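A.B. asks: Enclosed is the structure file structure08.tsv (TSV, C-alpha atoms and all ligand atoms).
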```tsv
chain	number	residue	atom	x	y	z
A	1	MET	CA	178.58	176.51	109.42
A	2	THR	CA	176.75	175.12	106.42
A	3	LEU	CA	177.54	171.71	104.95
A	4	GLU	CA	178.99	173.43	101.88
A	5	GLN	CA	181.31	175.61	103.97
A	6	GLU	CA	182.37	172.54	105.93
A	7	GLU	CA	183.25	170.72	102.70
A	8	ILE	CA	185.22	173.69	101.34
A	9	LEU	CA	187.20	173.91	104.58
A	10	LYS	CA	187.92	170.19	104.61
A	11	GLY	CA	189.17	170.38	101.03
A	12	ILE	CA	191.52	173.27	101.90
A	13	HIS	CA	192.74	171.50	105.03
A	14	ASP	CA	193.61	168.33	103.08
A	15	LEU	CA	195.24	170.32	100.26
A	16	ALA	CA	197.38	172.24	102.76
A	17	ARG	CA	198.59	168.97	104.29
A	18	GLU	CA	199.41	167.60	100.81
A	19	GLN	CA	201.34	170.75	99.90
A	20	PHE	CA	203.10	170.96	103.27
A	21	VAL	CA	201.59	174.38	103.98
A	22	MET	CA	201.51	174.77	107.74
A	23	VAL	CA	197.95	175.27	108.95
A	24	LEU	CA	196.26	174.77	112.29
A	25	SER	CA	197.16	171.42	113.86
A	26	ASP	CA	194.19	169.14	114.55
A	27	GLU	CA	194.83	169.48	118.30
A	28	CYS	CA	194.91	173.27	118.12
A	29	GLU	CA	191.75	173.33	116.01
A	30	VAL	CA	189.88	171.48	118.75
A	31	VAL	CA	191.09	173.99	121.35
A	32	LEU	CA	190.27	176.96	119.11
A	33	LYS	CA	186.74	175.75	118.39
A	34	ASP	CA	186.20	175.07	122.07
A	35	ILE	CA	187.19	178.64	122.97
A	36	PHE	CA	184.95	180.07	120.24
A	37	ALA	CA	182.00	177.91	121.34
A	38	LYS	CA	182.42	179.10	124.95
A	39	TYR	CA	183.31	182.78	124.53
A	40	ARG	CA	182.18	183.76	121.01
A	41	PRO	CA	184.97	186.35	120.53
A	42	GLN	CA	183.95	189.41	118.55
A	43	SER	CA	187.19	191.15	117.81
A	44	VAL	CA	190.06	188.94	116.69
A	45	LEU	CA	193.69	189.43	115.73
A	46	GLU	CA	195.74	186.74	114.01
A	47	ILE	CA	199.47	186.84	113.31
A	48	GLY	CA	200.21	184.39	110.47
A	49	SER	CA	197.26	184.02	108.07
A	50	ALA	CA	198.92	181.53	105.68
A	51	ILE	CA	196.20	180.43	103.24
A	52	GLY	CA	193.35	181.54	105.49
A	53	TYR	CA	192.41	178.24	107.10
A	54	SER	CA	192.40	179.22	110.79
A	55	SER	CA	190.82	182.62	110.11
A	56	SER	CA	188.05	180.82	108.23
A	57	VAL	CA	187.49	178.43	111.12
A	58	MET	CA	187.26	181.44	113.47
A	59	ALA	CA	184.98	183.48	111.22
A	60	LEU	CA	182.63	180.52	110.86
A	61	SER	CA	182.61	179.87	114.61
A	62	SER	CA	181.40	183.32	115.72
A	63	ASP	CA	180.30	186.53	114.02
A	64	CYS	CA	183.68	188.11	114.78
A	65	VAL	CA	185.69	190.54	112.72
A	66	ILE	CA	189.33	189.60	112.15
A	67	ASP	CA	192.56	191.48	111.50
A	68	THR	CA	195.21	189.11	110.20
A	69	ILE	CA	198.86	189.63	109.23
A	70	GLU	CA	200.83	187.65	106.65
A	71	LYS	CA	204.13	188.30	104.87
A	72	ASP	CA	203.69	185.93	101.92
A	73	GLU	CA	201.76	187.51	99.05
A	74	GLU	CA	200.91	184.25	97.30
A	75	ARG	CA	199.37	182.85	100.49
A	76	ILE	CA	197.32	186.01	100.94
A	77	LYS	CA	195.96	185.55	97.43
A	78	ARG	CA	194.88	182.00	98.27
A	79	ALA	CA	193.42	183.16	101.60
A	80	LYS	CA	191.32	185.82	99.88
A	81	GLU	CA	189.99	183.26	97.42
A	82	LEU	CA	189.02	180.97	100.28
A	83	TRP	CA	187.28	183.73	102.27
A	84	ALA	CA	185.32	184.73	99.15
A	85	ARG	CA	184.25	181.13	98.51
A	86	LEU	CA	183.06	180.89	102.11
A	87	GLY	CA	181.30	184.28	101.98
A	88	ILE	CA	183.23	185.68	104.95
A	89	GLU	CA	185.52	188.13	103.14
A	90	ASP	CA	183.73	191.21	104.53
A	91	ARG	CA	184.71	190.30	108.08
A	92	ILE	CA	188.42	189.69	107.50
A	93	LYS	CA	191.03	192.36	106.86
A	94	VAL	CA	194.45	191.12	105.88
A	95	TYR	CA	197.64	193.16	106.29
A	96	HIS	CA	200.52	192.21	104.02
A	97	GLY	CA	204.00	192.47	105.49
A	98	ASP	CA	206.33	191.54	108.31
A	99	SER	CA	204.48	191.41	111.62
A	100	ASP	CA	207.47	193.02	113.36
A	101	VAL	CA	206.84	196.13	111.30
A	102	LEU	CA	203.07	195.94	110.93
A	103	LEU	CA	201.87	194.84	114.35
A	104	PRO	CA	202.24	198.19	116.18
A	105	LYS	CA	200.39	199.95	113.33
A	106	VAL	CA	197.60	197.38	113.04
A	107	ILE	CA	196.77	197.38	116.76
A	108	GLU	CA	197.06	201.12	117.31
A	109	GLY	CA	193.88	202.41	118.98
A	110	LYS	CA	192.26	198.94	118.95
A	111	THR	CA	191.45	196.23	121.48
A	112	TYR	CA	190.85	192.54	120.84
A	113	ASP	CA	189.15	189.83	122.85
A	114	PHE	CA	190.95	186.98	121.07
A	115	VAL	CA	194.43	186.77	119.55
A	116	PHE	CA	195.99	183.85	117.70
A	117	ILE	CA	199.78	184.15	117.52
A	118	ASP	CA	200.90	181.71	114.84
A	119	ALA	CA	203.86	183.09	112.88
A	120	ALA	CA	207.48	183.80	113.78
A	121	LYS	CA	208.19	181.68	116.86
A	122	SER	CA	211.13	183.80	117.95
A	123	ALA	CA	208.75	186.77	118.26
A	124	TYR	CA	206.08	185.25	120.56
A	125	LYS	CA	207.31	187.01	123.73
A	126	ARG	CA	207.94	190.34	122.03
A	127	GLN	CA	204.53	190.25	120.37
A	128	LEU	CA	202.67	189.30	123.52
A	129	GLU	CA	204.31	192.17	125.44
A	130	LEU	CA	203.26	194.57	122.72
A	131	LEU	CA	199.75	193.15	122.60
A	132	LEU	CA	198.89	193.03	126.31
A	133	PRO	CA	197.61	196.65	126.55
A	134	HIS	CA	195.38	195.89	123.54
A	135	ILE	CA	193.68	192.83	125.00
A	136	GLU	CA	190.48	193.24	126.95
A	137	ASN	CA	190.15	191.86	130.48
A	138	GLY	CA	189.18	188.21	130.12
A	139	GLY	CA	190.57	188.15	126.58
A	140	ILE	CA	192.41	185.08	125.37
A	141	VAL	CA	195.66	184.63	123.49
A	142	LEU	CA	196.27	181.27	121.82
A	143	CYS	CA	199.76	180.17	120.74
A	144	ASP	CA	200.58	176.90	119.02
A	145	ASP	CA	203.88	174.96	119.00
A	146	VAL	CA	205.09	176.34	122.32
A	147	LEU	CA	206.69	173.04	123.34
A	148	TYR	CA	208.38	172.81	119.94
A	149	LEU	CA	209.06	169.14	119.15
A	150	GLY	CA	209.06	168.34	122.86
A	151	LEU	CA	212.38	170.18	123.25
A	152	VAL	CA	211.17	173.12	125.35
A	153	LYS	CA	210.26	171.38	128.62
A	154	GLY	CA	213.01	170.99	131.22
A	155	ASP	CA	216.34	172.70	130.81
A	156	GLY	CA	218.10	170.15	128.60
A	157	TYR	CA	220.45	171.23	125.85
A	158	PRO	CA	218.64	171.03	122.46
A	159	PRO	CA	220.36	170.08	119.18
A	160	HIS	CA	222.23	173.01	117.65
A	161	LYS	CA	219.76	173.74	114.81
A	162	HIS	CA	216.86	174.11	117.27
A	163	ARG	CA	218.76	175.99	119.97
A	164	THR	CA	217.54	179.53	119.27
A	165	ILE	CA	213.91	178.61	118.91
A	166	VAL	CA	213.95	176.51	122.08
A	167	ARG	CA	215.66	179.31	124.05
A	168	ASN	CA	213.08	181.81	122.77
A	169	MET	CA	210.15	179.55	123.68
A	170	ARG	CA	211.57	178.94	127.16
A	171	GLU	CA	211.87	182.70	127.66
A	172	PHE	CA	208.32	183.18	126.36
A	173	LEU	CA	206.86	180.58	128.75
A	174	ALA	CA	208.85	181.95	131.70
A	175	TYR	CA	207.53	185.44	130.93
A	176	VAL	CA	203.95	184.16	130.76
A	177	GLU	CA	204.29	182.19	134.00
A	178	GLU	CA	205.73	185.17	135.88
A	179	ASN	CA	203.33	187.82	134.58
A	180	GLU	CA	200.61	188.57	137.12
A	181	ARG	CA	198.15	189.80	134.50
A	182	ILE	CA	198.20	186.42	132.80
A	183	GLU	CA	196.84	182.97	133.52
A	184	LEU	CA	198.42	180.16	131.52
A	185	GLN	CA	196.89	176.85	130.58
A	186	LEU	CA	199.51	174.72	128.87
A	187	ILE	CA	198.04	171.89	126.82
A	188	GLU	CA	200.68	169.27	126.16
A	189	GLN	CA	199.07	167.91	122.98
A	190	GLY	CA	200.51	168.17	119.50
A	191	ASN	CA	203.47	170.52	119.74
A	192	GLY	CA	202.16	172.24	122.84
A	193	ILE	CA	199.36	174.80	122.94
A	194	ALA	CA	199.33	177.82	125.26
A	195	VAL	CA	195.94	179.25	126.21
A	196	ILE	CA	196.64	182.56	127.89
A	197	THR	CA	193.89	184.45	129.69
A	198	VAL	CA	194.53	188.12	130.27
A	199	LEU	CA	193.10	189.10	133.66
A	201	LIG	C1	201.88	178.28	110.76
A	201	LIG	S1	201.53	179.36	109.44
A	201	LIG	C2	199.99	180.06	109.89
A	201	LIG	C3	198.86	179.08	109.76
A	201	LIG	C4	197.49	179.69	109.89
A	201	LIG	N1	197.36	180.44	111.12
A	201	LIG	C5	196.46	178.59	109.87
A	201	LIG	O1	196.38	177.86	110.89
A	201	LIG	O2	195.77	178.44	108.86
A	201	LIG	C6	202.60	180.68	109.74
A	201	LIG	C7	202.48	181.81	108.73
A	201	LIG	O3	203.13	182.94	109.28
A	201	LIG	C8	203.78	183.63	108.24
A	201	LIG	N2	204.85	184.41	108.87
A	201	LIG	C9	206.01	183.94	109.40
A	201	LIG	N3	206.75	184.94	109.87
A	201	LIG	C10	206.05	186.09	109.66
A	201	LIG	C11	206.28	187.46	109.92
A	201	LIG	N4	207.39	187.85	110.53
A	201	LIG	N5	205.36	188.36	109.54
A	201	LIG	C12	204.21	187.96	108.90
A	201	LIG	N6	203.93	186.67	108.63
A	201	LIG	C13	204.82	185.74	109.00
A	201	LIG	C14	204.27	182.55	107.31
A	201	LIG	O4	204.44	183.06	105.99
A	201	LIG	C15	203.16	181.52	107.41
A	201	LIG	O5	202.24	181.64	106.34
```
What is this file in structure tokens?
Ligand SMILES: C[S@@+](CC[C@H](N)C(=O)[O-])C[C@H]1O[C@@H](n2cnc3c(N)ncnc32)[C@H](O)[C@@H]1O

C.D. replies:
Amino acid sequence: MTLEQEEILKGIHDLAREQFVMVLSDECEVVLKDIFAKYRPQSVLEIGSAIGYSSSVMALSSDCVIDTIEKDEERIKRAKELWARLGIEDRIKVYHGDSDVLLPKVIEGKTYDFVFIDAAKSAYKRQLELLLPHIENGGIVLCDDVLYLGLVKGDGYPPHKHRTIVRNMREFLAYVEENERIELQLIEQGNGIAVITVL
């Protein structure tokens, strides 16, 4: 990454925080960069592009190509501007729409060695199930916010407004822990980061 690219990314990161646009947490960014430094993924899928911050970090950390899905048109516009400024637009293909509808079409006939699931939290389990046949042996799936405000661990009763999300995350983690094709590393930093290796 050049100094100029680093400065552009820092500017976008700070702007996103100011505007309350959810982008990669600092804790998750460290984990993501670590994975990219170790494994240099080549073929990446992201669910939840937002304004293109995490995809930019990934594209600047290996010479990967990225498919990314986002439902918000305005965010896609900002993401495209960012990728163009960074000179990485040729390696990123964005799909506009709801991941529930788009995901099966995007992944058809493709395999990935790294997936970042970072959109609808209620869909994590469903999406991982769908994705598993499309992830190469040794491939990694990264999911942020899996311990959601610290409410997911244990079996306590969460406040009403968080109940569905907590139930979904518990089901997701139980599925991951029970699946023999999967190895889970749960990092209890930030809002909880799941690093899933597909065996
Ligand atoms: C946490 S942000 C993604 C942040 C981004 N990965 C980053 O770190 O720079 C989640 C994004 O997912 C998008 N999203 C949420 N539900 C979605 C869905 N069902 N289909 C497509 N995109 C969705 C939201 O619009 C939002 O921009």

A.B. asks: Kindly provide, as a list in words, the polymer residues lying within 9 Å of (196.7, 186.1, 137.1), counting only C-alpha atoms and using the coordinates exactly as they appear in the file.

C.D. replies: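 The requested residues, written out, are Asn179, Glu180, Arg181, Ile182, Glu183, Leu184, Thr197, Val198 and Leu199 of chain A.
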
A.B. asks: Deliver the residues from the most recent selection as a file, using C-alpha atoms, as a PDB file, in the frame of the given file.

C.D. replies:
```
ATOM      1  CA  ASN A 179     203.330 187.820 134.580  1.00  0.00           C
ATOM      2  CA  GLU A 180     200.610 188.570 137.120  1.00  0.00           C
ATOM      3  CA  ARG A 181     198.150 189.800 134.500  1.00  0.00           C
ATOM      4  CA  ILE A 182     198.200 186.420 132.800  1.00  0.00           C
ATOM      5  CA  GLU A 183     196.840 182.970 133.520  1.00  0.00           C
ATOM      6  CA  LEU A 184     198.420 180.160 131.520  1.00  0.00           C
ATOM      7  CA  THR A 197     193.890 184.450 129.690  1.00  0.00           C
ATOM      8  CA  VAL A 198     194.530 188.120 130.270  1.00  0.00           C
ATOM      9  CA  LEU A 199     193.100 189.100 133.660  1.00  0.00           C
TER      10      LEU A 199
END
```

A.B. asks: Quick one: contact table of chain A to ligand LIG 201 (chain A), 10 Å max, nearest atom pair and distance in Å to one decimal per residue, counting all atoms listed in the file, chain and number order, as a Markdown table?

C.D. replies:
```
| residue | atom | partner | partner_atom | distance |
| --- | --- | --- | --- | --- |
| A:Ile12 | CA | A:LIG201 | O2 | 9.7 |
| A:His13 | CA | A:LIG201 | O2 | 8.5 |
| A:Ala16 | CA | A:LIG201 | O2 | 8.8 |
| A:Val21 | CA | A:LIG201 | S1 | 7.4 |
| A:Met22 | CA | A:LIG201 | C1 | 4.6 |
| A:Val23 | CA | A:LIG201 | O1 | 3.6 |
| A:Leu24 | CA | A:LIG201 | O1 | 3.4 |
| A:Ser25 | CA | A:LIG201 | O1 | 7.1 |
| A:Asp26 | CA | A:LIG201 | O1 | 9.7 |
| A:Cys28 | CA | A:LIG201 | O1 | 8.7 |
| A:Glu29 | CA | A:LIG201 | O1 | 8.3 |
| A:Glu46 | CA | A:LIG201 | N1 | 7.1 |
| A:Ile47 | CA | A:LIG201 | N6 | 6.5 |
| A:Gly48 | CA | A:LIG201 | O3 | 3.5 |
| A:Ser49 | CA | A:LIG201 | C4 | 4.7 |
| A:Ala50 | CA | A:LIG201 | O5 | 3.4 |
| A:Ile51 | CA | A:LIG201 | O2 | 6.0 |
| A:Gly52 | CA | A:LIG201 | O2 | 5.2 |
| A:Tyr53 | CA | A:LIG201 | O2 | 3.8 |
| A:Ser54 | CA | A:LIG201 | O2 | 4.0 |
| A:Ser55 | CA | A:LIG201 | O2 | 6.6 |
| A:Ser56 | CA | A:LIG201 | O2 | 8.1 |
| A:Val57 | CA | A:LIG201 | O2 | 8.6 |
| A:Thr68 | CA | A:LIG201 | N1 | 9.0 |
| A:Ile69 | CA | A:LIG201 | C12 | 5.6 |
| A:Glu70 | CA | A:LIG201 | N6 | 3.8 |
| A:Lys71 | CA | A:LIG201 | C12 | 4.0 |
| A:Asp72 | CA | A:LIG201 | O4 | 5.0 |
| A:Glu73 | CA | A:LIG201 | O4 | 8.7 |
| A:Glu74 | CA | A:LIG201 | O4 | 9.5 |
| A:Arg75 | CA | A:LIG201 | O5 | 6.6 |
| A:Ile76 | CA | A:LIG201 | O5 | 8.5 |
| A:Ala79 | CA | A:LIG201 | O2 | 9.0 |
| A:Tyr95 | CA | A:LIG201 | C12 | 8.8 |
| A:His96 | CA | A:LIG201 | C12 | 7.4 |
| A:Gly97 | CA | A:LIG201 | C12 | 5.7 |
| A:Asp98 | CA | A:LIG201 | N5 | 3.5 |
| A:Ser99 | CA | A:LIG201 | N5 | 3.8 |
| A:Asp100 | CA | A:LIG201 | N4 | 5.9 |
| A:Val101 | CA | A:LIG201 | N5 | 8.1 |
| A:Leu102 | CA | A:LIG201 | N5 | 8.0 |
| A:Leu103 | CA | A:LIG201 | N5 | 8.8 |
| A:Phe116 | CA | A:LIG201 | N1 | 7.5 |
| A:Ile117 | CA | A:LIG201 | N1 | 7.8 |
| A:Asp118 | CA | A:LIG201 | N1 | 5.3 |
| A:Ala119 | CA | A:LIG201 | O3 | 3.7 |
| A:Ala120 | CA | A:LIG201 | N3 | 4.1 |
| A:Lys121 | CA | A:LIG201 | N3 | 7.8 |
| A:Ser122 | CA | A:LIG201 | N4 | 9.2 |
| A:Ala123 | CA | A:LIG201 | N4 | 7.9 |
| A:Cys143 | CA | A:LIG201 | N1 | 9.9 |
| A:Asp144 | CA | A:LIG201 | C1 | 8.5 |
| A:Asp145 | CA | A:LIG201 | C1 | 9.1 |
```

A.B. asks: Identify the residues around (189.3, 190.2, 129.0) within a radius of 10 Å, measuring from only C-alpha atoms in the coordinates stated by the file, and give them as a ChimeraX atom specification.

C.D. replies: /A:111-114,134-140,197-199

A.B. asks: Rounded to one decimal, what separation in Å do you get between atom CA of Ser43 of chain A and atom CA of Cys64 of chain A?

C.D. replies: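 Atom CA of Cys64 of chain A lies at a distance of 5.5 Å from atom CA of Ser43 of chain A.
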
A.B. asks: Let me make sure I understand: among A:Arg126, A:Lys10, A:Lys33, A:Arg85, which one has the smallest atom-to-atom distance to Leu142 of chain A if we use only C-alpha atoms?

C.D. replies: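 When distances to Leu142 of chain A are compared using only C-alpha atoms, the smallest one comes from A:Lys33.
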
A.B. asks: Between A:Val65, A:Gln42, A:Ile8, A:Pro158, which is the closest to Ala84 of chain A once you count all atoms listed in the file?

C.D. replies: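 The answer is A:Ile8, which sits nearest to Ala84 of chain A.
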
A.B. asks: Provide the atom CA of Glu27 of chain A to atom CA of Pro159 of chain A distance in Å, to one decimal place.

C.D. replies: 25.6 Å

A.B. asks: Between atom CA of Leu60 of chain A and atom CA of Ala194 of chain A, what is the distance in Å, rounded to a tenth?

C.D. replies: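 Separation between atom CA of Leu60 of chain A and atom CA of Ala194 of chain A: 22.2 Å.
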
A.B. asks: Pick the closest to Val166 of chain A from A:Lys80, A:Gly150, A:Glu178, A:Ser62: which is it, counting all atoms listed in the file?

C.D. replies: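 Between A:Lys80, A:Gly150, A:Glu178, A:Ser62, the residue approaching Val166 of chain A most closely is A:Gly150.
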
A.B. asks: Can you tell me which residues surround Asn191 of chain A at a distance of at most 6 Å, considering all atoms listed in the file, apart from same-chain residues fewer than 4 positions away, and format the answer as a list in words?

C.D. replies: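 That gives Asp145, Leu147, Tyr148 and Leu149 of chain A.
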
A.B. asks: From the list A:Pro104, A:Pro41, A:Gly192, A:Gly11, which residue is nearest Gln127 of chain A when using all atoms listed in the file?

C.D. replies: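 When distances to Gln127 of chain A are compared using all atoms listed in the file, the smallest one comes from A:Pro104.
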
A.B. asks: Of the residues A:Tyr157, A:Phe36, A:Tyr175, A:Trp83, which is the one nearest to Val115 of chain A, using all atoms listed in the file?

C.D. replies: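 Closest to Val115 of chain A, using all atoms listed in the file: A:Phe36.
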
A.B. asks: Here is a test: counting all atoms listed in the file, which residue of A:Ala37, A:Val44, A:Leu32, A:Ala174 is nearest to Val195 of chain A?

C.D. replies: A:Leu32

A.B. asks: Could you work out an axis-aligned bounding box for all listed atoms of segment 40-54 of chain A, with 8 Å added on each of the six sides, and give its centre and edge lengths in Å to one decimal, as JSON?

C.D. replies:
```
{"center_x": 191.2, "center_y": 184.7, "center_z": 112.1, "size_x": 34.0, "size_y": 28.9, "size_z": 33.8}
```

A.B. asks: Mind rebuilding segment 83-112 of chain A with N, CA and C atoms and writing that out as a short mmCIF file (atom, residue, chain, number, x, y, z; two decimals), in the frame of the given file?

C.D. replies:
```cif
data_model
loop_
_atom_site.label_atom_id
_atom_site.label_comp_id
_atom_site.auth_asym_id
_atom_site.auth_seq_id
_atom_site.Cartn_x
_atom_site.Cartn_y
_atom_site.Cartn_z
N TRP A 83 188.28 182.93 101.54
CA TRP A 83 187.28 183.73 102.27
C TRP A 83 186.11 184.08 101.36
N ALA A 84 186.41 184.38 100.09
CA ALA A 84 185.32 184.73 99.15
C ALA A 84 184.43 183.51 98.91
N ARG A 85 185.06 182.35 98.73
CA ARG A 85 184.25 181.13 98.51
C ARG A 85 183.33 180.85 99.70
N LEU A 86 183.84 181.18 100.90
CA LEU A 86 183.06 180.89 102.11
C LEU A 86 182.09 182.02 102.45
N GLY A 87 182.20 183.15 101.73
CA GLY A 87 181.30 184.28 101.98
C GLY A 87 181.61 185.03 103.26
N ILE A 88 182.89 185.02 103.69
CA ILE A 88 183.23 185.68 104.95
C ILE A 88 184.23 186.83 104.72
N GLU A 89 184.46 187.16 103.45
CA GLU A 89 185.52 188.13 103.14
C GLU A 89 185.29 189.51 103.74
N ASP A 90 184.02 189.88 103.98
CA ASP A 90 183.73 191.21 104.53
C ASP A 90 184.16 191.36 105.98
N ARG A 91 184.38 190.23 106.65
CA ARG A 91 184.71 190.30 108.08
C ARG A 91 186.20 190.10 108.36
N ILE A 92 186.99 189.95 107.29
CA ILE A 92 188.42 189.69 107.50
C ILE A 92 189.26 190.73 106.76
N LYS A 93 190.13 191.39 107.50
CA LYS A 93 191.03 192.36 106.86
C LYS A 93 192.45 191.83 107.00
N VAL A 94 193.10 191.66 105.84
CA VAL A 94 194.45 191.12 105.88
C VAL A 94 195.47 192.23 105.65
N TYR A 95 196.55 192.18 106.41
CA TYR A 95 197.64 193.16 106.29
C TYR A 95 198.86 192.41 105.76
N HIS A 96 199.38 192.89 104.64
CA HIS A 96 200.52 192.21 104.02
C HIS A 96 201.83 192.81 104.47
N GLY A 97 202.68 191.99 105.09
CA GLY A 97 204.00 192.47 105.49
C GLY A 97 204.53 191.73 106.69
N ASP A 98 205.68 192.17 107.16
CA ASP A 98 206.33 191.54 108.31
C ASP A 98 205.63 192.00 109.59
N SER A 99 205.22 191.05 110.41
CA SER A 99 204.48 191.41 111.62
C SER A 99 205.31 192.30 112.55
N ASP A 100 206.63 192.16 112.51
CA ASP A 100 207.47 193.02 113.36
C ASP A 100 207.25 194.48 113.03
N VAL A 101 207.05 194.75 111.75
CA VAL A 101 206.84 196.13 111.30
C VAL A 101 205.37 196.52 111.44
N LEU A 102 204.50 195.60 111.04
CA LEU A 102 203.07 195.94 110.93
C LEU A 102 202.30 195.94 112.26
N LEU A 103 202.69 195.03 113.15
CA LEU A 103 201.87 194.84 114.35
C LEU A 103 201.55 196.14 115.11
N PRO A 104 202.57 196.97 115.42
CA PRO A 104 202.24 198.19 116.18
C PRO A 104 201.23 199.07 115.44
N LYS A 105 201.32 199.09 114.10
CA LYS A 105 200.39 199.95 113.33
C LYS A 105 198.98 199.35 113.33
N VAL A 106 198.91 198.04 113.14
CA VAL A 106 197.60 197.38 113.04
C VAL A 106 196.81 197.53 114.34
N ILE A 107 197.51 197.40 115.48
CA ILE A 107 196.77 197.38 116.76
C ILE A 107 196.56 198.77 117.36
N GLU A 108 197.16 199.77 116.75
CA GLU A 108 197.06 201.12 117.31
C GLU A 108 195.59 201.55 117.48
N GLY A 109 195.24 201.94 118.71
CA GLY A 109 193.88 202.41 118.98
C GLY A 109 192.82 201.32 119.01
N LYS A 110 193.25 200.04 118.99
CA LYS A 110 192.26 198.94 118.95
C LYS A 110 192.42 198.02 120.15
N THR A 111 191.34 197.31 120.51
CA THR A 111 191.45 196.23 121.48
C THR A 111 190.84 194.97 120.87
N TYR A 112 191.31 193.84 121.34
CA TYR A 112 190.85 192.54 120.84
C TYR A 112 190.42 191.67 122.02
#
```
